[in-house]
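See structure below.
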Amino acid sequence: SQNGTTSESIFSQTIISGPDSSWASIMQCYFSTITSALNHIYIVTPYFTPNESILNAIKTAALSSIDVRIMLPETSDSKISHYSTMSYVGELLEAGVKIYRYRKGFLHSKLMVSDDEFSTIGSTNVDFRSFEHNFEVNAFMYDSASALKLKEVFLSDQKDAELLHLKSWSLRP
């Protein structure tokens with residue numbers, strides 16, 4: 001501490017992935033995080049078209065009584081992407097995932113928080129194109145201070161979001 005300021009060390013990794021690699025590094029980190037969560041996983045993504053591994057990991061976590069919340073935009077900048085994203089809502093709700101649709105503008109954030117100990121933020125969507133075909137970069141942070149700050153962002157945005165319910169979802173036109 002100098003002049004009354006404090007510095008904080010954060011253990012973090014910057015991970016890149018793209019079509020030039022044999023490994024889907026960011027997707028593997030998401031998978032590992034989701035499958036090792038003990039209490040909660042909060043995800044924000046504008047585009048949600050997961051591969052089978054991530055989809056099964058999310059559903060399995062929710063079925064295992066992990067508090068899984070996913071925040072999506074109410075409207076998108078792409079109708080096709082929006083319809084694709086919404087096609088997963090029913091099966092996620094059936095598994096016990098809490099789906100929120102953000103109503104205060106187009107949500108373009110991409111973050112994940114797990115168990116108040118781990119968080120990631122970057123360019124990666126929870127989307128097979130991001131995981132396998134696009135060049136992406138994320139910061140993975142292994143500390144509670146960062147996780148709690150991003151959790152606070154999620155919970156603040158949740159106030160401007162609609163929680164979807166399976167019964168009303170299944171009755172939609």
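Convention: chains lettered A, B, ... in structure tokens order; per-chain residue numbering from 1; ligands numbered from 1 as shown.
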7 Å contact set for Val68 (chain A), only C-alpha atoms, chain neighbours under 4 positions out, as a ChimeraX atom specification = /A:40-42,62,97-98
All strand (DSSP E) positions in region 121-150 of chain A, as a list in words =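 Those in region 121-150 of chain A that DSSP calls strand (DSSP E) are Ile121, Gly122, Val126, Asp127, Glu136, Val137, Asn138, Ala139, Phe140 and Met141 of chain A.
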message = Can you tell me which residues surround Met71 (chain A) at a distance of at most 9 Å, considering only C-alpha atoms, apart from same-chain residues fewer than 3 positions away, and format the answer as a list in words?
response = Tyr42, Ile43, Val44, Thr45, Pro46, Lys98, Ile99, Tyr100, Arg101, Tyr102, Leu107, Phe154, Asp157, Gln158 and Ala161 of chain A
Take the residues just selected and output them with C-alpha atoms as a compact mmCIF listing (two decimals), in the first residue's frame.
```txt
# COMPACT_ATOMS: atom_id res chain seq x y z
CA TYR A 42 -24.57 -17.63 -13.94
CA ILE A 43 -24.15 -17.17 -17.69
CA VAL A 44 -24.82 -14.13 -19.86
CA THR A 45 -24.66 -14.51 -23.63
CA PRO A 46 -26.38 -12.82 -26.57
CA LYS A 98 -33.57 -20.44 -14.86
CA ILE A 99 -33.77 -18.46 -18.09
CA TYR A 100 -33.94 -14.67 -17.97
CA ARG A 101 -34.70 -12.44 -20.95
CA TYR A 102 -33.08 -9.04 -20.55
CA LEU A 107 -27.70 -7.50 -24.23
CA PHE A 154 -25.57 -10.36 -13.30
CA ASP A 157 -29.18 -6.94 -14.82
CA GLN A 158 -31.53 -9.65 -13.57
CA ALA A 161 -35.06 -9.23 -17.01
```
key: Who sits within 10 Å of Phe11 (chain A), only C-alpha atoms, same chain under 3 positions skipped, as a list in words   =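 In the requested format, the answer is Glu8, Phe140, Met141, Tyr142 and Asp143 of chain A.
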request  = Please return as JSON, numbers by chain: the residues of chain A that backbone DSSP assigns to alpha helix (DSSP H).
outcome  = {"A": [25, 26, 27, 28, 29, 30, 31, 32, 33, 34, 35, 36, 52, 53, 54, 55, 56, 57, 58, 59, 60, 61, 62, 63, 79, 80, 81, 82, 83, 84, 85, 86, 89, 90, 91, 92, 93, 94, 95, 128, 129, 130, 131, 132, 144, 145, 146, 147, 148, 149, 150, 151, 152, 153, 154, 155, 156, 157, 158, 166, 167, 168, 169, 170]}
note = Of A:Leu155, A:Phe106, A:Thr33, A:Ser130, the one sitting nearest Thr75 (chain A) when using only C-alpha atoms is A:Phe106
Nearest candidate to Val137 (chain A) (options A:Ile70, A:Ile10, A:Ala24, A:Ala37; using only C-alpha atoms) =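 Residue with the minimum atom-to-atom distance to Val137 (chain A): A:Ala24.
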inquiry  = When you count only C-alpha atoms, which of these residues is closest to Ser17 (chain A): A:Gly122, A:Pro50, A:Gly105, A:Pro73?
reply    = A:Gly122
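Proximity to His133 (chain A) was assessed for A:Leu111, A:Leu93, A:Ile26, A:Ala147 counting only C-alpha atoms; the smallest distance is recorded for A:Ile26.
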Top pick for closest residue to Ser170 (chain A), considering A:Asp115, A:Glu132, A:Glu152, A:Glu94 and counting only C-alpha atoms =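 For Ser170 (chain A), the nearest of the candidates is A:Glu94.
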note = Across A:Ile58, A:Met27, A:Leu164, A:Leu148, the smallest distance to Met86 (chain A), with only C-alpha atoms counted, is shown by A:Leu164
ask   = At what distance in Å, to one decimal, does CA of Ser25 (chain A) lie from CA of Ile54 (chain A)?
value =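 So the two atoms, CA of Ile54 (chain A) and CA of Ser25 (chain A), lie 13.0 Å apart.
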request  = Would you list the contacts of Ile121 (chain A) as JSON, numbers by chain, taking every protein, DNA or RNA residue within 9 Å and counting only C-alpha atoms, but skipping same-chain residues closer than 2 positions in sequence?
outcome  = {"A": [109, 110, 111, 112, 113, 119, 123, 124, 137, 138, 139, 140, 141, 150]}
Can you write just those residues out, C-alpha atoms, as a PDB file, in the first residue's frame?
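Done, and the output landed in result.pdb:
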```
ATOM      1  CA  SER A 109     -22.339  -9.169 -22.594  1.00  0.00           C
ATOM      2  CA  LYS A 110     -20.537 -12.482 -22.430  1.00  0.00           C
ATOM      3  CA  LEU A 111     -19.699 -13.669 -18.933  1.00  0.00           C
ATOM      4  CA  MET A 112     -19.894 -16.637 -16.614  1.00  0.00           C
ATOM      5  CA  VAL A 113     -19.582 -16.835 -12.824  1.00  0.00           C
ATOM      6  CA  SER A 119     -15.415 -15.995 -13.545  1.00  0.00           C
ATOM      7  CA  SER A 123     -15.645 -12.285 -26.679  1.00  0.00           C
ATOM      8  CA  THR A 124     -16.964 -15.856 -26.558  1.00  0.00           C
ATOM      9  CA  VAL A 137     -10.360 -14.467 -26.394  1.00  0.00           C
ATOM     10  CA  ASN A 138     -11.484 -14.655 -22.767  1.00  0.00           C
ATOM     11  CA  ALA A 139      -9.989 -13.762 -19.412  1.00  0.00           C
ATOM     12  CA  PHE A 140     -10.466 -16.550 -16.875  1.00  0.00           C
ATOM     13  CA  MET A 141     -10.178 -15.254 -13.306  1.00  0.00           C
ATOM     14  CA  LEU A 150     -19.432 -10.088 -12.080  1.00  0.00           C
TER      15      LEU A 150
END
```
